[in-house]
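Input: a single structure, listed below in structure tokens.
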Amino acid sequence: MKKFFLLMACTVLGLGSCTERPRPLEIDNALTAEEIAAGRFTPEVMWKMGRLGGSQLSPDGKWLVYTVTYYNLGENRGVTALYLRDMASGEVRQLTDHTSNNTSPAWSADGRTLYFLSDRSGTQQVWRMAAAGGEPQQVTAFDADVEGFGVNKPGDAIWYVQTVAVPGAEKCSADLYKDMPRSKAHIYDDLMARHWNYWDEGRYRHLFIAALTDGKAAEGVDIVGADAAWDVPTAPYFDTAEIAWSNAGDRLAYTCKPLAGTDYALSTDSDIFVYDRASGRTVNICKPMEGRVRFNAMVHRNTPFPGYDKYPVWSPDDRYIAFRSMATPGYEADKERLMRYDCRTAEITDLTPSFDYHATNVAWADDRTLWFIAPMEGTYQLCRLALPAPDATCGTVDLPKVVTSGDHDINAFTMAGGRIVAEVTTMRMATEQFEVDPADGKLTQLSAVNKEIYDHIRLGTVEKRWVETTDGKRMLTWVVLPPDFDPAKKYPTLLFCEGGPQSVVSQAWSYRWNFALMASQGYVVVAPNRRGVPSFGQEWLEQISGDYSGQNIRDYLSAIDDVAREPWCDRDRLGCVGASYGGYSVYFLAGCHQKRFKAFIAHCGIFNFESMYGQTEELFFINHDYGGAYWEKDNPTAMRSYANSPHKFVDRWDTPILIVTGEYDFRIPYTQSLEAFTAARLHGIPARLVAFEDEAHQVFKPQNSVVWNREFFGWLDKYVKEAR
């Protein structure tokens, strides 16, 4: 459904418990002699790779701090350490060992101190250490885990996020009936009983501010309100990038969706709030108040901003707040407009009205220049925007300049001291750091975290292919070829169906659906950017809503039919795989593929639209993309959607299918997979159900991941590679 959800909890990532004192982890990343001799990329080799992230340049741009996570497959857990790069010499120093998890590094304003989260004390708290070296010192010492933090530039205050029990919001029977402590019931009077992978038990993430004195944090003040039954940062991602100090350190901007129950389930209406430390007053900058908010745009004048508004970022002089905004209520994949709020006049300006792509990961270079990342033709690129003068109208906004180019994804960047460092991936390379030339966008690789692995394995190649669709459009399709590809041979070929549905098939490196891994097992992978994905303009993106069974399905078939005409593609050995919306696509194609495919694999897919409507939680999504509820008989879009639910075409299924799910998946509940498995078996279709009892919409845990891959390739090898 949504873009892949990266749950931050330590337990989900296999990083060990956050409530028990961590123990040292022996890193298991050396290739064995057998793996070196084979030179093959396997699931076991993939779990030996270091995972780089969290890159932050020091204020003067001379140092780069970042994290790398390594795993031990045998222990089914990983550990994250901090590293420091000297940008002048390239020398790298490891700052923390593998006895604890250390994440979220941040610099003090003078660049002398590093703050970070660590579970070394038994709970996750904020720590600090001198950038020059030395022993870490504890900053917070609360009873509960700190789930995110930010120190202001003056260094006299810190915000932090903790999960709190909200009085009056109890949902568990043992909390409601104190004399029944062993009772285990969830009790609800309204919707949103559960979200993504957890039940609502009356506990929410709240934002606190505390004084910081001599490197120690005092007890904080809950600025959301102790009785607020909602989250800051917002569910389900809980991304602390939604919170930002002003540069003066006197105000805090944050994202909140102050709704509950049915209202929450039906709405995407989050807003940007600004808390003033001196007065204790909070202002919602997105909702009009008398003479307070003016929206400077040719359309939507005085709009109440009814969609997602997120990720506030202060300008260096604190006059402006940039943020990302979606105009359409209930549409979670709408264009992410780049907005500028003027703190003096309360005027909001749309800075990208003519830019046909999302603006994400926004950062200020100076008071008149913004940088951001945009998805463009199946890649993610870095863009620069020269801002209008404070009193300029929307018509004078220049188009952003796309600075970088090439077949890669820039997933994050940090800028300071005239430098830009980006985290970059391709389908053949996990995240590495590259320095970006601000003038011409040239990328220079800095890190090589997994060089030892790449030196000993063979990876396939990636080709860019433009396929003509049935309605005469051109569709970018990535074709991943196996290592040592020989065009004189014939290869089994997989059609990959993207999830989302509004998520781009880009140059991403995934540790779940890894194209390089599929190709290394001898398969050609065909990955089309079918209708409904971003990076090809809003018309291409929006076409899929209300038309799940239509043009995007024809796009899938256009892609696989185009590649199948190649002499090296074995048309008698085709498979079809996908997750989430891609899982729905698999179920639907199983009823209309006209014997193209020898096997299907559906992971957490939507099978029955009617039961899905009553089982999922964020109803705004399904209302927008289906067109409405199944009882809206006078709604032609909704009725067309439900009439084309995959379960209505099971009588046409004729091909073996592997069905995978997680029992904690509440987004597309695992019951959808059970329904599909039952239907397949009762129709005599060879089928296999793999249900992970401790996973949700994705498979995160190391050993579960290896099992997932073994089942995945075992099914394909049996029914596709060995097809007769």
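We label chains A, B, ... in the order they appear in the structure tokens, count residues from 1 in each chain, and number ligands from 1 in the order shown.
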Contacts of region 416-420 of chain A within 12 Å, only C-alpha atoms, excl. fewer than 5 positions in-chain, as number ranges by chain: A: 55-64, 87-88, 107, 109, 111, 363-366, 371-372, 382, 403-404, 410, 433-439, 441-444, 446
So that I can check the surroundings of region 264-266 of chain A, please list as number ranges by chain every protein, DNA and RNA residue that reaches within 12 Å of it, counting only C-alpha atoms and ignoring chain neighbours fewer than 5 positions away. A: 190-195, 229-231, 234-235, 256-259, 306-307, 329-332, 613-614, 616-624, 628-629
Region 33-39 of chain A: which residues within 12 Å, counting only C-alpha atoms, same-chain residues fewer than 5 positions away excluded, as a ChimeraX atom specification? /A:44-46,48,452-459,483-484,520-521
Apply DSSP to the backbone of this structure and, from region 9-97 of chain A, keep only the residues in helix (DSSP H, G or I); write these as a PyMOL selection string. chain A and resi 33-38+43-46
Could you check which of A:Ala590, A:Leu73, A:Val164, A:Ala278 is closest to Asn29 (chain A), using only C-alpha atoms?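 Answer, going by the shortest atom-to-atom distance: A:Leu73.
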Using only C-alpha atoms, determine which residues lie at most 12 Å from Ala680 (chain A), disregarding the query and same-chain residues fewer than 2 positions distant; provide the list as a VMD selection string. chain A and resid 587 590 to 591 600 607 646 to 647 649 to 659 673 to 678 682 to 689
Give me, as a ChimeraX atom specification, all polymer residues having an atom no more than 8 Å from Phe692 (chain A), counting only C-alpha atoms and skipping those fewer than 2 positions away in the same chain. /A:660-663,690,694-696,704
Residue selection dump (N, CA and C atoms) as a compact mmCIF listing (two decimals), in the first residue's frame:
```
# COMPACT_ATOMS: atom_id res chain seq x y z
N VAL A 660 2.78 -15.29 0.78
CA VAL A 660 3.57 -14.97 1.97
C VAL A 660 2.92 -13.81 2.71
N THR A 661 2.93 -13.89 4.04
CA THR A 661 2.34 -12.81 4.82
C THR A 661 3.01 -12.73 6.19
N GLY A 662 2.72 -11.66 6.91
CA GLY A 662 3.15 -11.50 8.30
C GLY A 662 1.94 -11.37 9.19
N GLU A 663 1.94 -12.07 10.31
CA GLU A 663 0.76 -12.09 11.17
C GLU A 663 0.53 -10.76 11.87
N VAL A 690 3.22 -19.18 3.48
CA VAL A 690 4.29 -18.91 4.43
C VAL A 690 3.86 -17.71 5.26
N ASP A 694 6.10 -13.29 13.55
CA ASP A 694 6.68 -12.11 14.21
C ASP A 694 7.09 -11.04 13.21
N GLU A 695 6.44 -10.99 12.04
CA GLU A 695 6.69 -9.95 11.06
C GLU A 695 5.37 -9.27 10.70
N ALA A 696 5.49 -8.11 10.07
CA ALA A 696 4.31 -7.36 9.66
C ALA A 696 4.25 -7.31 8.13
N ASN A 704 14.49 -14.72 9.46
CA ASN A 704 13.24 -14.73 8.69
C ASN A 704 13.50 -14.35 7.24
```
When you count only C-alpha atoms, which of these residues is closest to Gly133 (chain A): A:Phe609, A:Tyr83, A:Tyr320, A:Trp159?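 So, comparing all the options, the nearest one is A:Tyr83.
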What lies within 12 Å of Cys343 (chain A) using only C-alpha atoms, ignoring chain neighbours under 3 positions off, as number ranges by chain? A: 246, 251, 253, 274, 283-286, 292-294, 314-315, 317-322, 340, 346-349, 390
How about saving the chosen residues, C-alpha atoms kept, as a PDB file, in the first residue's frame?
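part.pdb was written with the following content:
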```pdb
ATOM      1  CA  SER A 246      14.645  27.275  14.939  1.00  0.00           C
ATOM      2  CA  ARG A 251      10.928  27.899  18.769  1.00  0.00           C
ATOM      3  CA  ALA A 253       8.278  23.371  14.620  1.00  0.00           C
ATOM      4  CA  VAL A 274       5.198  26.037  16.045  1.00  0.00           C
ATOM      5  CA  VAL A 283       0.385  28.037  16.611  1.00  0.00           C
ATOM      6  CA  ASN A 284      -0.890  25.917  13.716  1.00  0.00           C
ATOM      7  CA  ILE A 285       0.591  27.659  10.681  1.00  0.00           C
ATOM      8  CA  CYS A 286      -1.468  25.670   8.144  1.00  0.00           C
ATOM      9  CA  ARG A 292      -3.422  35.087  10.245  1.00  0.00           C
ATOM     10  CA  VAL A 293      -2.748  32.846   7.240  1.00  0.00           C
ATOM     11  CA  ARG A 294      -2.650  33.914   3.602  1.00  0.00           C
ATOM     12  CA  TRP A 314      13.748  26.757   9.239  1.00  0.00           C
ATOM     13  CA  SER A 315      15.628  29.202   7.050  1.00  0.00           C
ATOM     14  CA  ASP A 317      17.555  33.693   9.544  1.00  0.00           C
ATOM     15  CA  ASP A 318      14.424  31.998  11.027  1.00  0.00           C
ATOM     16  CA  ARG A 319      12.103  34.170   8.947  1.00  0.00           C
ATOM     17  CA  TYR A 320      10.772  31.256   6.892  1.00  0.00           C
ATOM     18  CA  ILE A 321       9.705  27.676   7.375  1.00  0.00           C
ATOM     19  CA  ALA A 322       9.834  25.417   4.343  1.00  0.00           C
ATOM     20  CA  ARG A 340       7.370  28.553   2.249  1.00  0.00           C
ATOM     21  CA  ALA A 346       1.903  34.401   7.878  1.00  0.00           C
ATOM     22  CA  GLU A 347       1.876  34.166   4.081  1.00  0.00           C
ATOM     23  CA  ILE A 348       2.400  30.727   2.546  1.00  0.00           C
ATOM     24  CA  THR A 349       3.864  30.488  -0.953  1.00  0.00           C
ATOM     25  CA  PRO A 390       9.890  37.980   0.199  1.00  0.00           C
TER      26      PRO A 390
END
```
Using only C-alpha atoms: which of A:Gly460, A:Pro669, A:Gly54, A:Pro136 has the shortest distance to Phe515 (chain A): A:Gly460
Students should find that CA of Pro487 (chain A) and CA of Arg565 (chain A) are spaced 12.8 Å
Using Å and a single decimal, report how far CA of Lys598 (chain A) sits from CA of Ala519 (chain A).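 Computed distance, CA of Ala519 (chain A) to CA of Lys598 (chain A), equals 17.8 Å.
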For region 697-702 of chain A, find every residue with an atom within 9 Å (counting only C-alpha atoms), except residues of its own chain fewer than 3 positions away, and show them as number ranges by chain. A: 4-6, 11-14, 47, 71-78, 196-197, 511-512, 579-580, 603-604, 661-670, 692, 694, 705-708
Please identify the strand (DSSP E or B) residues within region 229-456 of chain A (assignment by DSSP from backbone atoms) and present them as a ChimeraX atom specification. /A:243-245,251-256,271-276,282-284,294-296,309-314,320-325,337-342,347-350,360-366,369-376,379-386,401-402,409-416,419-426,429-436,443-445
In terms of only C-alpha atoms, the residue from A:His98, A:Arg51, A:Arg337, A:Lys310 at minimal distance from Pro24 (chain A) is A:His98
What is the distance between CA of Glu722 (chain A) and CA of Asp562 (chain A), in Å to one decimal?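 Separation between CA of Glu722 (chain A) and CA of Asp562 (chain A): 22.9 Å.
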Between A:Ser279, A:Ile272, A:Pro167, A:Pro375, which is the closest to Tyr341 (chain A) once you count only C-alpha atoms?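 Using only C-alpha atoms, Tyr341 (chain A) sits closest to A:Ile272.
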Could you check the closest approach to Glu219 (chain A) for each of A:Leu557, A:Ala422, A:Cys592, A:Val139 and tell me which residue wins, using only C-alpha atoms?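 Ranking A:Leu557, A:Ala422, A:Cys592, A:Val139 by distance to Glu219 (chain A), first place goes to A:Val139.
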